[in-house]
>>> print(open('run.cif').read())   # mmCIF, C-alpha atoms
data_final
loop_
_atom_site.label_atom_id
_atom_site.label_comp_id
_atom_site.auth_asym_id
_atom_site.auth_seq_id
_atom_site.Cartn_x
_atom_site.Cartn_y
_atom_site.Cartn_z
CA MET S 1 -5.89 25.30 -14.81
CA ILE S 2 -8.11 27.37 -12.50
CA TYR S 3 -11.01 27.02 -14.93
CA PHE S 4 -10.53 23.27 -15.09
CA ASN S 5 -10.58 23.05 -11.29
CA LEU S 6 -13.71 25.20 -11.08
CA LEU S 7 -15.37 22.99 -13.69
CA LEU S 8 -14.39 19.90 -11.67
CA ILE S 9 -15.91 21.36 -8.49
CA ILE S 10 -19.15 22.15 -10.31
CA VAL S 11 -19.27 18.67 -11.86
CA ILE S 12 -18.77 17.07 -8.42
CA GLY S 13 -21.46 19.29 -6.88
CA GLY S 14 -23.83 18.41 -9.74
CA ALA S 15 -23.12 14.69 -9.40
CA VAL S 16 -23.81 14.79 -5.65
CA SER S 17 -27.07 16.68 -6.24
CA LEU S 18 -28.16 14.27 -9.00
CA PHE S 19 -27.46 11.34 -6.72
CA GLU S 20 -29.19 12.67 -3.61
CA VAL S 21 -31.87 15.23 -4.54
CA PRO S 22 -34.45 12.95 -6.33
CA GLY S 23 -34.91 10.98 -3.09
CA LEU S 24 -35.42 14.16 -1.07
CA LEU S 25 -38.17 15.78 -3.18
CA GLN S 26 -40.97 14.76 -0.83
CA PRO S 27 -42.89 17.13 1.44
CA GLU S 28 -41.94 15.15 4.60
CA LYS S 29 -38.22 15.39 3.74
CA ARG S 30 -38.06 19.19 3.56
CA GLY S 31 -35.69 19.47 6.51
CA GLU S 32 -33.26 17.01 4.94
CA LEU S 33 -33.36 18.92 1.65
CA ILE S 34 -32.58 22.25 3.37
CA ALA S 35 -29.72 20.70 5.39
CA PHE S 36 -28.36 19.00 2.25
CA SER S 37 -28.37 22.28 0.29
CA CYS S 38 -26.67 24.19 3.12
CA PHE S 39 -23.93 21.57 3.50
CA LEU S 40 -23.32 21.44 -0.25
CA LEU S 41 -23.26 25.24 -0.54
CA ILE S 42 -20.74 25.58 2.32
CA GLY S 43 -18.49 22.91 0.80
CA MET S 44 -18.64 24.35 -2.74
CA ALA S 45 -18.09 27.88 -1.47
CA LEU S 46 -14.99 26.76 0.45
CA ALA S 47 -13.64 24.82 -2.53
CA VAL S 48 -14.25 27.66 -5.00
CA ALA S 49 -12.72 30.24 -2.65
CA MET S 50 -9.61 28.10 -2.25
CA THR S 51 -9.32 27.50 -6.01
CA LEU S 52 -9.47 31.26 -6.64
CA ARG S 53 -6.82 31.73 -3.91
CA LEU S 54 -9.03 34.01 -1.84
CA PRO S 55 -7.80 34.52 1.74
CA VAL S 56 -9.78 31.80 3.56
CA PRO S 57 -9.16 31.83 7.34
CA ASN S 58 -7.23 28.82 8.59
CA PRO S 59 -9.10 27.16 11.51
CA THR S 60 -5.88 25.78 13.02
CA SER S 61 -4.35 29.24 13.29
CA GLY S 62 -7.54 30.37 15.05
CA ILE S 63 -7.32 27.56 17.59
CA GLU S 64 -3.62 28.24 18.12
CA PHE S 65 -4.41 31.92 18.72
CA VAL S 66 -7.20 31.20 21.22
CA PHE S 67 -5.14 28.71 23.22
CA ASN S 68 -1.89 30.67 22.98
CA PRO S 69 -1.89 32.09 26.56
CA VAL S 70 -2.32 28.62 28.11
CA THR S 71 0.00 26.96 25.60
CA LYS S 72 2.78 29.38 26.51
CA LEU S 73 2.41 28.44 30.18
CA ILE S 74 2.52 24.66 29.79
CA PHE S 75 4.63 24.29 26.64
CA PRO S 76 7.11 27.19 26.66
CA GLY S 77 8.51 28.02 23.24
CA ARG S 78 11.40 25.97 22.06
CA MET K 1 -36.56 6.41 16.98
CA SER K 2 -32.93 5.93 16.22
CA LEU K 3 -30.95 7.23 13.28
CA GLU K 4 -28.94 4.02 13.02
CA ARG K 5 -30.67 0.70 12.58
CA GLY K 6 -27.44 -1.29 12.52
CA MET K 7 -26.26 -3.10 15.62
CA ILE K 8 -22.64 -3.82 16.50
CA SER K 9 -21.03 -6.16 19.01
CA SER K 10 -18.80 -5.18 21.90
CA ARG K 11 -15.76 -6.63 20.12
CA GLN K 12 -16.44 -4.44 17.11
CA VAL K 13 -16.66 -1.38 19.37
CA MET K 14 -13.34 -2.35 20.93
CA PHE K 15 -11.59 -2.68 17.58
CA LEU K 16 -13.21 0.45 16.12
CA VAL K 17 -12.13 2.67 19.01
CA THR K 18 -8.67 1.13 19.36
CA ASN K 19 -8.11 1.43 15.64
CA MET K 20 -9.27 5.04 15.71
CA ILE K 21 -6.85 6.06 18.43
CA PHE K 22 -3.92 3.94 17.31
CA ALA K 23 -3.96 4.93 13.63
CA THR K 24 -2.69 8.49 14.07
CA GLU K 25 -1.08 7.93 17.47
CA ILE K 26 1.53 5.59 16.05
CA GLN K 27 2.47 8.08 13.32
CA PHE K 28 3.24 11.11 15.46
CA VAL K 29 3.26 10.24 19.15
CA PRO K 30 6.69 8.55 19.53
CA ALA K 31 8.41 11.65 18.13
CA LEU K 32 6.40 14.00 20.38
CA LEU K 33 6.93 11.86 23.49
CA THR K 34 10.68 11.67 23.02
CA MET K 35 10.72 15.41 22.39
CA TYR K 36 9.25 16.07 25.84
CA ALA K 37 10.41 13.10 27.91
CA GLY K 38 13.52 11.87 26.07
CA GLN K 39 14.48 8.28 26.83
CA ASP K 40 11.82 8.20 29.59
CA ALA K 41 9.03 8.19 27.02
CA TRP K 42 8.02 4.71 28.12
CA VAL K 43 7.22 6.06 31.61
CA VAL K 44 4.75 8.46 30.00
CA VAL K 45 3.07 5.55 28.23
CA LEU K 46 2.72 3.75 31.59
CA ILE K 47 1.26 6.88 33.25
CA VAL K 48 -1.24 7.30 30.44
CA THR K 49 -2.23 3.62 30.68
CA ILE K 50 -3.48 4.29 34.22
CA VAL K 51 -4.93 7.77 33.59
CA GLY K 52 -6.57 6.65 30.34
CA PHE K 53 -8.20 3.69 32.06
CA LEU K 54 -9.66 6.05 34.70
CA PHE K 55 -10.65 8.54 31.97
CA GLY K 56 -12.75 5.83 30.34
CA VAL K 57 -14.79 5.06 33.48
CA PRO K 58 -17.04 8.19 33.56
CA ILE K 59 -17.42 8.15 29.77
CA ILE K 60 -18.70 4.58 29.68
CA SER K 61 -20.96 4.99 32.70
CA LEU K 62 -22.38 8.17 31.12
CA GLY K 63 -23.12 6.23 27.94
CA LEU K 64 -24.81 3.44 29.92
CA ARG K 65 -26.97 5.86 31.93
CA PHE K 66 -29.07 6.69 28.88
CA PRO K 67 -29.59 3.43 26.95
CA GLY K 68 -30.26 3.82 23.23
CA LYS K 69 -29.62 7.57 23.24
CA THR K 70 -26.77 9.47 21.61
CA PRO K 71 -24.99 12.29 23.54
CA VAL K 72 -26.95 14.87 21.54
CA GLU K 73 -30.26 13.37 22.69
CA TYR K 74 -29.37 13.26 26.35
CA GLY K 75 -27.70 16.63 25.95
CA MET K 76 -31.18 17.86 25.04
CA ASP K 77 -32.58 16.23 28.20
CA LEU K 78 -29.89 17.78 30.39
CA LEU K 79 -29.26 21.21 28.85
CA GLY K 80 -32.67 21.92 27.37
CA LYS K 81 -33.62 21.65 23.71
CA TRP K 82 -31.48 24.47 22.33
CA GLY K 83 -28.56 23.78 24.66
CA GLY K 84 -28.50 20.18 23.48
CA ARG K 85 -28.63 21.28 19.86
CA ALA K 86 -25.77 23.72 20.37
CA LEU K 87 -23.76 20.95 22.05
CA GLY K 88 -24.52 18.63 19.13
CA ILE K 89 -23.36 21.15 16.54
CA PHE K 90 -20.23 21.84 18.59
CA LEU K 91 -19.39 18.12 18.94
CA GLY K 92 -20.09 17.64 15.25
CA LEU K 93 -17.72 20.46 14.29
CA PHE K 94 -15.05 19.10 16.65
CA PHE K 95 -15.19 15.59 15.18
CA PHE K 96 -15.34 17.03 11.68
CA TYR K 97 -12.21 19.05 12.38
CA VAL K 98 -10.38 16.04 13.85
CA ALA K 99 -11.39 13.99 10.79
CA ALA K 100 -9.94 16.69 8.51
CA VAL K 101 -6.72 16.74 10.56
CA ALA K 102 -6.38 12.96 10.32
CA VAL K 103 -6.92 12.95 6.54
CA ARG K 104 -4.37 15.72 6.14
CA GLU K 105 -1.77 13.93 8.28
CA LEU K 106 -1.96 10.80 6.17
CA ALA K 107 -1.98 12.71 2.87
CA ASP K 108 1.07 14.68 4.04
CA HIS K 109 2.80 11.43 4.93
CA LEU K 110 2.06 9.92 1.53
CA VAL K 111 3.31 13.03 -0.28
CA ILE K 112 6.48 13.36 1.78
CA ALA K 113 7.52 9.75 2.16
CA VAL K 114 6.18 7.93 -0.89
CA MET K 115 4.87 9.98 -3.83
CA PRO K 116 6.35 13.49 -3.80
CA GLN K 117 5.21 14.39 -7.33
CA THR K 118 1.47 13.91 -6.75
CA PRO K 119 -0.56 16.94 -5.61
CA LEU K 120 -1.87 16.75 -2.06
CA VAL K 121 -5.48 17.33 -3.03
CA VAL K 122 -5.55 14.17 -5.19
CA PHE K 123 -4.81 11.95 -2.19
CA ILE K 124 -7.31 13.81 -0.03
CA ALA K 125 -10.12 13.69 -2.60
CA LEU K 126 -9.71 9.98 -3.38
CA TYR K 127 -9.43 9.18 0.30
CA VAL K 128 -12.52 11.17 1.29
CA PHE K 129 -14.46 9.51 -1.51
CA ALA K 130 -13.73 6.05 -0.06
CA ILE K 131 -14.58 7.25 3.45
CA ALA K 132 -17.86 8.86 2.42
CA TYR K 133 -18.85 5.67 0.59
CA GLY K 134 -18.17 3.62 3.74
CA VAL K 135 -20.10 6.01 5.97
CA TYR K 136 -22.99 6.10 3.51
CA LEU K 137 -23.30 2.31 3.80
CA GLY K 138 -23.59 2.56 7.57
CA LEU K 139 -21.86 1.81 10.85
CA GLU K 140 -22.09 -1.99 10.60
CA VAL K 141 -20.07 -2.00 7.40
CA PHE K 142 -16.95 -0.26 8.59
CA ALA K 143 -17.26 -1.89 12.04
CA ARG K 144 -16.89 -5.30 10.37
CA VAL K 145 -14.02 -4.14 8.20
CA SER K 146 -12.10 -2.87 11.22
CA GLU K 147 -12.79 -6.10 13.09
CA ILE K 148 -11.08 -8.02 10.29
CA LEU K 149 -8.25 -5.65 9.38
CA TYR K 150 -7.10 -4.20 12.69
CA PRO K 151 -5.93 -7.51 14.27
CA VAL K 152 -4.05 -8.29 11.03
CA PHE K 153 -2.40 -4.86 11.12
CA LEU K 154 -1.40 -5.15 14.76
CA GLY K 155 -0.16 -8.72 14.35
CA THR K 156 2.01 -7.84 11.34
CA LEU K 157 3.46 -4.81 13.11
CA MET K 158 4.35 -6.77 16.23
CA LEU K 159 5.69 -9.74 14.23
CA GLY K 160 7.82 -7.43 12.13
CA THR K 161 9.39 -5.75 15.14
CA ILE K 162 10.62 -9.13 16.45
CA PHE K 163 13.24 -9.08 13.67
CA LEU K 164 14.60 -5.82 15.06
CA ILE K 165 15.49 -7.20 18.49
CA PRO K 166 19.11 -8.16 17.53
CA SER K 167 19.92 -4.62 16.40
CA LEU K 168 18.59 -2.82 19.50
CA ASN K 169 20.94 -1.03 21.86
CA LEU K 170 19.28 -1.01 25.26
CA ASN K 171 21.98 1.25 26.69
CA LEU K 172 20.24 4.12 24.91
CA LEU K 173 17.37 3.77 27.43
CA LYS K 174 19.71 4.83 30.25
CA PRO K 175 19.75 6.92 32.40
CA VAL K 176 16.29 5.98 33.64
CA LEU K 177 13.92 8.59 35.13
CA THR K 178 16.07 11.69 34.81
CA HIS K 179 13.25 13.91 33.54
CA SER K 180 11.31 16.22 35.80
CA PRO K 181 7.60 15.58 36.55
CA LEU K 182 6.74 18.66 34.44
CA GLU K 183 8.36 17.14 31.36
CA LEU K 184 6.56 13.86 32.00
CA LEU K 185 3.30 15.85 32.37
CA ARG K 186 3.83 17.51 28.98
CA GLY K 187 4.31 14.12 27.37
CA SER K 188 1.25 12.70 29.14
CA LEU K 189 -0.96 15.61 28.02
CA THR K 190 0.12 15.06 24.42
CA LEU K 191 -0.62 11.35 24.56
CA LEU K 192 -3.90 11.82 26.47
CA ALA K 193 -5.23 14.22 23.84
CA PHE K 194 -4.89 11.46 21.25
CA TYR K 195 -6.38 8.98 23.68
CA GLY K 196 -9.37 11.25 24.32
CA GLU K 197 -10.57 10.89 20.73
CA GLY K 198 -12.12 7.72 22.16
CA LEU K 199 -14.95 10.05 23.24
CA ALA K 200 -16.60 8.83 20.04
CA ILE K 201 -17.44 5.65 21.99
CA LEU K 202 -20.39 7.63 23.40
CA PHE K 203 -21.94 7.47 19.93
CA LEU K 204 -21.28 3.72 19.64
CA ILE K 205 -22.73 2.56 22.97
CA PRO K 206 -26.35 3.20 21.87
CA CYS K 207 -25.74 0.96 18.83
CA MET K 208 -24.38 -1.97 20.86
CA ARG K 209 -26.33 -5.18 20.72
CA ARG K 210 -25.44 -6.00 24.33
CA PRO K 211 -24.69 -2.77 26.23
CA GLU K 212 -24.08 -4.80 29.41
CA GLN K 213 -20.68 -5.75 27.98
CA ALA K 214 -19.56 -2.10 27.82
CA PRO K 215 -18.11 -1.67 31.37
CA GLY K 216 -14.98 -3.72 30.65
CA LEU K 217 -14.26 -1.94 27.39
CA ASN K 218 -12.09 0.88 28.78
CA MET K 219 -9.68 -1.69 30.23
CA LYS K 220 -9.51 -3.72 27.00
CA ILE K 221 -9.06 -0.65 24.82
CA THR K 222 -6.35 0.80 27.07
CA LEU K 223 -4.36 -2.42 27.08
CA LEU K 224 -4.80 -3.07 23.37
CA LEU K 225 -3.58 0.45 22.68
CA ASN K 226 -0.76 0.92 25.10
CA ILE K 227 1.10 -2.40 24.89
CA PRO K 228 1.89 -1.97 21.15
CA LEU K 229 2.67 1.70 21.70
CA LEU K 230 5.03 0.82 24.57
CA VAL K 231 6.81 -1.73 22.37
CA MET K 232 7.16 0.78 19.53
CA VAL K 233 8.40 3.62 21.77
CA VAL K 234 10.98 1.43 23.54
CA MET K 235 12.21 0.05 20.22
CA GLU K 236 12.48 3.47 18.61
CA VAL K 237 14.47 4.87 21.51
CA ALA K 238 16.70 1.79 21.63
CA MET K 239 17.23 1.94 17.87
CA PHE K 240 17.75 5.63 17.13
CA GLY K 241 18.27 7.19 20.57
CA ALA K 242 15.94 9.76 22.12
CA MET K 243 17.39 12.82 20.37
CA GLU K 244 17.20 11.31 16.92
CA THR K 245 13.67 9.90 17.43
CA SER K 246 12.35 13.33 18.35
CA ARG K 247 13.85 14.80 15.15
CA ILE K 248 12.50 12.21 12.72
CA LEU K 249 9.11 13.13 11.27
CA PHE K 250 7.63 9.60 11.26
CA PRO K 251 9.79 7.44 13.57
CA SER K 252 7.63 4.28 13.34
CA PHE K 253 7.99 4.36 9.57
CA GLU K 254 11.77 4.69 9.85
CA LEU K 255 11.86 1.89 12.44
CA VAL K 256 10.08 -0.57 10.16
CA LYS K 257 12.46 0.43 7.33
CA MET K 258 15.31 -0.98 9.44
CA ILE K 259 13.93 -4.54 9.27
CA SER K 260 16.33 -6.63 7.23
CA VAL K 261 16.74 -10.37 7.58
CA ALA K 262 19.59 -11.99 5.62
CA GLY K 263 19.48 -9.15 3.06
CA PHE K 264 16.30 -10.71 1.67
CA PHE K 265 13.35 -10.02 3.97
CA GLU K 266 13.24 -6.23 3.85
CA ARG K 267 11.27 -3.18 2.73
CA MET K 268 8.52 -3.96 5.20
CA GLU K 269 7.52 -0.28 5.22
CA SER K 270 5.27 -0.78 2.21
CA PHE K 271 3.17 -3.19 4.29
CA LEU K 272 3.06 -0.66 7.09
CA LEU K 273 1.97 2.07 4.72
CA ALA K 274 -0.73 -0.10 3.17
CA PHE K 275 -2.13 -0.81 6.60
CA TRP K 276 -1.88 2.83 7.61
CA VAL K 277 -3.95 3.81 4.63
CA THR K 278 -6.66 1.35 5.69
CA THR K 279 -6.62 2.06 9.42
CA VAL K 280 -6.64 5.84 9.01
CA CYS K 281 -9.49 5.36 6.53
CA LEU K 282 -11.46 3.47 9.18
CA LYS K 283 -10.56 6.07 11.79
CA VAL K 284 -11.80 8.93 9.67
CA ALA K 285 -14.91 6.92 8.76
CA LEU K 286 -15.78 6.63 12.46
CA LEU K 287 -15.06 10.31 13.18
CA TYR K 288 -16.99 11.42 10.12
CA TYR K 289 -19.90 9.15 10.99
CA THR K 290 -19.96 10.60 14.51
CA ALA K 291 -19.95 14.15 13.15
CA MET K 292 -22.78 13.36 10.71
CA ILE K 293 -24.89 11.70 13.44
CA SER K 294 -24.52 14.67 15.74
CA PHE K 295 -25.33 17.16 12.95
CA ALA K 296 -28.39 15.13 11.91
CA ARG K 297 -29.58 14.80 15.52
CA SER K 298 -29.14 18.51 16.25
CA LEU K 299 -30.97 19.52 13.06
CA ASN K 300 -33.72 17.03 13.92
CA LEU K 301 -33.39 14.98 10.72
CA ARG K 302 -34.66 11.44 10.27
CA ASP K 303 -31.59 10.19 8.45
CA TYR K 304 -27.94 11.22 8.38
CA ARG K 305 -27.31 9.87 4.87
CA PRO K 306 -28.33 12.98 2.87
CA LEU K 307 -25.56 14.89 4.66
CA VAL K 308 -22.77 12.43 3.86
CA TRP K 309 -21.88 13.39 0.26
CA PRO K 310 -22.16 17.20 0.61
CA GLY K 311 -20.24 16.89 3.89
CA ALA K 312 -17.49 15.06 2.00
CA VAL K 313 -17.03 18.10 -0.26
CA SER K 314 -16.52 20.26 2.84
CA LEU K 315 -14.20 17.66 4.40
CA THR K 316 -11.97 17.67 1.30
CA ALA K 317 -11.78 21.46 1.31
CA LEU K 318 -11.17 21.61 5.07
CA ALA K 319 -8.45 18.97 4.91
CA VAL K 320 -6.54 21.05 2.36
CA LEU K 321 -7.12 24.20 4.39
CA VAL K 322 -6.40 22.91 7.87
CA PHE K 323 -2.57 23.13 7.84
CA SER K 324 -0.39 25.25 5.62
CA ASP K 325 2.39 22.61 5.70
CA VAL K 326 3.67 19.66 7.72
CA THR K 327 5.69 21.95 10.02
CA GLN K 328 2.53 23.68 11.17
CA ALA K 329 0.91 20.26 11.60
CA ARG K 330 3.70 19.09 13.88
CA GLU K 331 3.82 22.34 15.81
CA PHE K 332 0.05 22.20 16.30
CA LEU K 333 0.08 18.55 17.41
CA ALA K 334 2.94 19.21 19.82
CA ARG K 335 1.63 22.37 21.47
CA SER K 336 -1.96 23.50 20.87
CA TRP K 337 -3.67 20.18 20.19
CA PRO K 338 -3.15 18.68 23.69
CA LEU K 339 -4.92 21.62 25.35
CA PHE K 340 -7.59 22.09 22.68
CA GLY K 341 -8.32 18.38 22.40
CA LEU K 342 -8.38 17.71 26.13
CA SER K 343 -10.57 20.70 26.94
CA VAL K 344 -13.25 19.37 24.57
CA GLU K 345 -12.74 15.65 25.16
CA GLY K 346 -12.62 16.08 28.92
CA GLY K 347 -15.01 19.00 29.25
CA VAL K 348 -18.00 17.57 27.40
CA PRO K 349 -18.30 14.25 29.29
CA ILE K 350 -17.59 15.90 32.65
CA LEU K 351 -20.25 18.56 31.99
CA LEU K 352 -22.83 15.98 30.91
CA TYR K 353 -22.01 13.52 33.68
CA SER K 354 -22.10 16.08 36.48
CA LEU K 355 -25.38 17.50 35.14
CA ALA K 356 -26.84 13.98 34.96
CA LEU K 357 -25.87 13.38 38.58
CA LEU K 358 -27.10 16.79 39.78
CA ARG K 359 -30.42 16.68 37.96
CA LYS K 360 -30.82 12.95 38.68
CA LYS K 361 -31.62 12.15 35.04
CA GLY K 362 -31.14 8.65 33.69
CA VAL K 363 -30.57 5.47 35.67
CA SER K 364 -27.09 4.33 36.58
CA TRP K 365 -25.98 0.96 35.31
CA ARG K 366 -25.83 -0.65 38.76
CA GLY K 367 -29.24 0.77 39.70
CA ARG K 368 -30.84 -0.84 36.67
CA GLN K 369 -29.31 -4.23 37.39
CA LYS K 370 -30.80 -4.41 40.88
CA LYS K 371 -34.34 -4.15 39.56
#
>>> encode(input="run.cif", output="structure tokens")
Amino acid sequence: MIYFNLLLIIVIGGAVSLFEVPGLLQPEKRGELIAFSCFLLIGMALAVAMTLRLPVPNPTSGIEFVFNPVTKLIFPGR
Amino acid sequence: MSLERGMISSRQVMFLVTNMIFATEIQFVPALLTMYAGQDAWVVVLIVTIVGFLFGVPIISLGLRFPGKTPVEYGMDLLGKWGGRALGIFLGLFFFYVAAVAVRELADHLVIAVMPQTPLVVFIALYVFAIAYGVYLGLEVFARVSEILYPVFLGTLMLGTIFLIPSLNLNLLKPVLTHSPLELLRGSLTLLAFYGEGLAILFLIPCMRRPEQAPGLNMKITLLLNIPLLVMVVMEVAMFGAMETSRILFPSFELVKMISVAGFFERMESFLLAFWVTTVCLKVALLYYTAMISFARSLNLRDYRPLVWPGAVSLTALAVLVFSDVTQAREFLARSWPLFGLSVEGGVPILLYSLALLRKKGVSWRGRQKK
């Protein structure tokens, strides 16, 4: 099942690239191409890491941790 | 040079923003309000009507000070080039995160209440696909869709609740005003954090065909939002009682389930769910569009469209990642989200507006009219 999911992620990434990259292969669109590649790489890396069940940090837990001192003051634990 | 060539009318802005706030508010807020303020939840809604109206005044006048410019562009004027870019990336990440939270809330709802056998990621992926397609087509497209669908949604919801009036028990609303100001404040903060997502209006004002119609918008949006919410909150308390409403996960959904006329006109909740799927889709489209515009502006790109599809891959992954389960979602929305949301939603416009006044950048709306 993991291999199927990985294959699916790669197929989706390939489809997005096929759809978008031909229009970006012009010298004046270099910035767009770099931004596109970075965004796609971040997304694929996240998806692959979660498929392989690597410990990806949860952003919500981070926010909860940062705001915890103030949260405790205004919303005391129930 | 603007990233968006499409133009929208003031009515479309009104429906887009109202739809954005209302879509998730109606799912979670009644339960959270009754948790903090019990049967006095309706007082909180009235407080937030006034505070929210005032909250909209600086935001709209900030947007009108810099005609045709997005917050990232005038952030660059006010904070310097790199400061503005950092602000743009930060705003983009914030809206991206809120979009992921909204997708996850709806997917959780669908899994829990309707289709428990389907994996969560299937809903999220299909949903994000539709959203990315809408955003790729541009702002005008989903603005028109929300202009058509949102009034239908609101009308059906209000019409449906009329059938519940005979089964309400208004004694459950008593005793009135027994909660302390602190408890009312907790409820108001929770509701205001949802209300503050309307910050996205800053990205819509530059696209308005007639920006001179913007000053009345905060009033219209507040009324359009809070009257239906007030009706829903009062009905939920009068139907289930305050204690029970705060325990139910999705009280509005349960309320609409109670509609039954002559044993024939029932199961209205499927309508509600269908409309929720569309309105949350439009909400996320707006949030996602805002995030993409601010990323594209900060990275100095000519077009935001190349970012839409790769961003959708990240949005899907983030939406799965963002909560471990619905309990964490509820705990987050009840406790950390009000402070986190309000500190960004309030902090960014106040920072920009005070800097604009101090550095005397831009022309105020009244000043331009006198010329």
>>> closest_atom_pairs(input="run.cif", of="chain S", to="chain K", cutoff="10 Å", atoms="all atoms listed in the file", output="tab-separated table")
residue	atom	partner	partner_atom	distance
S:Ile9	CA	K:Val313	CA	8.9
S:Ile12	CA	K:Val313	CA	8.4
S:Gly13	CA	K:Pro310	CA	7.8
S:Ala15	CA	K:Trp309	CA	9.8
S:Val16	CA	K:Trp309	CA	6.4
S:Ser17	CA	K:Pro310	CA	8.4
S:Phe19	CA	K:Trp309	CA	9.2
S:Glu20	CA	K:Pro306	CA	6.5
S:Val21	CA	K:Pro306	CA	8.5
S:Gly23	CA	K:Pro306	CA	9.1
S:Leu24	CA	K:Pro306	CA	8.2
S:Glu28	CA	K:Arg302	CA	9.9
S:Lys29	CA	K:Arg302	CA	8.4
S:Arg30	CA	K:Leu301	CA	9.5
S:Gly31	CA	K:Leu301	CA	6.6
S:Glu32	CA	K:Leu301	CA	6.1
S:Leu33	CA	K:Pro306	CA	7.9
S:Ala35	CA	K:Leu307	CA	7.2
S:Phe36	CA	K:Leu307	CA	5.5
S:Ser37	CA	K:Pro310	CA	8.0
S:Cys38	CA	K:Pro310	CA	8.7
S:Phe39	CA	K:Pro310	CA	5.5
S:Leu40	CA	K:Pro310	CA	4.5
S:Leu41	CA	K:Pro310	CA	8.2
S:Ile42	CA	K:Ser314	CA	6.8
S:Gly43	CA	K:Ser314	CA	3.9
S:Met44	CA	K:Val313	CA	6.9
S:Ala45	CA	K:Ser314	CA	8.9
S:Leu46	CA	K:Ala317	CA	6.3
S:Ala47	CA	K:Ala317	CA	5.4
S:Val48	CA	K:Ala317	CA	9.2
S:Ala49	CA	K:Ala317	CA	9.7
S:Met50	CA	K:Ala317	CA	7.8
S:Thr51	CA	K:Ala317	CA	9.8
S:Val56	CA	K:Leu321	CA	8.1
S:Pro57	CA	K:Leu321	CA	8.4
S:Asn58	CA	K:Val322	CA	6.0
S:Pro59	CA	K:Val322	CA	6.2
S:Thr60	CA	K:Val322	CA	5.9
S:Ser61	CA	K:Phe323	CA	8.4
S:Ile63	CA	K:Phe340	CA	7.5
S:Glu64	CA	K:Ser336	CA	5.7
S:Phe65	CA	K:Ser336	CA	9.0
S:Val66	CA	K:Phe340	CA	9.2
S:Phe67	CA	K:Ser336	CA	6.5
S:Asn68	CA	K:Ser336	CA	7.5
S:Val70	CA	K:Leu339	CA	8.0
S:Thr71	CA	K:Ser336	CA	6.2
S:Lys72	CA	K:Arg335	CA	8.7
S:Ile74	CA	K:Arg186	CA	7.3
S:Phe75	CA	K:Arg335	CA	6.3
S:Pro76	CA	K:Arg335	CA	9.0
S:Gly77	CA	K:Arg335	CA	9.1
>>> resolve_selection(input="run.cif", expression="the PyMOL selection byres ((chain K and resi 258) around 9)", output="PyMOL selection string")
chain K and resi 164+254-257+259-260+266-269
>>> atom_distance(input="run.cif", atom1="CA of Ile112 in chain K", atom2="CA of Phe271 in chain K")
17.1 Å
>>> atom_distance(input="run.cif", atom1="CA of Leu62 in chain K", atom2="CA of Glu345 in chain K")
13.6 Å
>>> residues_near_point(input="run.cif", point="(-6.7, 26.0, -13.3)", cutoff="12 Å", atoms="all atoms listed in the file", output="list in words")
Met1, Ile2, Tyr3, Phe4, Asn5, Leu6, Leu7, Leu8, Ile9, Val48, Met50, Thr51, Leu52 and Arg53 of chain S
>>> axis_aligned_box(input="run.cif", around="range 40-54 of chain S", padding_each_side="8 Å", output="AutoDock Vina command-line options")
--center_x -15.1 --center_y 27.7 --center_z -2.2 --size_x 32.5 --size_y 28.6 --size_z 25.0
>>> resolve_selection(input="run.cif", expression="the PyMOL selection byres ((chain K and resi 243) around 12)", output="ChimeraX atom specification")
/K:30-41,172-173,236-242,244-248,251
>>> atom_distance(input="run.cif", atom1="CA of Val233 in chain K", atom2="CA of Val344 in chain K")
26.9 Å
>>> residues_around(input="run.cif", residues="Val98 in chain K", least_positions_apart="2", cutoff="9 Å", atoms="all atoms listed in the file", output="number ranges by chain")
K: 93-96, 100-103, 197, 284, 287-288
>>> residues_near_point(input="run.cif", point="(-2.4, -7.8, 16.8)", cutoff="12 Å", atoms="all atoms listed in the file", output="JSON, numbers by chain")
{"K": [15, 18, 19, 22, 147, 148, 149, 150, 151, 152, 153, 154, 155, 156, 157, 158, 159, 160, 223, 224, 225, 227, 228, 229]}
>>> resolve_selection(input="run.cif", expression="the PyMOL selection byres ((chain K and resi 192) around 8)", output="ChimeraX atom specification")
/K:48,52,188-191,193-196,338,342
>>> decode(input="run.cif", residues="range 11-26 of chain S", atoms="C-alpha atoms", output="compact mmCIF listing (two decimals), in the first residue's frame")
# COMPACT_ATOMS: atom_id res chain seq x y z
CA VAL S 11 2.27 10.59 -10.70
CA ILE S 12 0.53 13.70 -9.30
CA GLY S 13 3.83 15.60 -9.14
CA GLY S 14 4.62 14.55 -12.73
CA ALA S 15 1.17 15.58 -13.95
CA VAL S 16 1.49 19.02 -12.32
CA SER S 17 4.95 19.49 -13.86
CA LEU S 18 3.74 18.37 -17.32
CA PHE S 19 0.85 20.80 -17.09
CA GLU S 20 2.81 23.83 -15.89
CA VAL S 21 6.49 23.55 -16.88
CA PRO S 22 6.21 23.91 -20.74
CA GLY S 23 4.74 27.40 -20.28
CA LEU S 24 7.54 28.42 -17.90
CA LEU S 25 10.54 27.46 -20.07
CA GLN S 26 11.24 31.02 -21.19
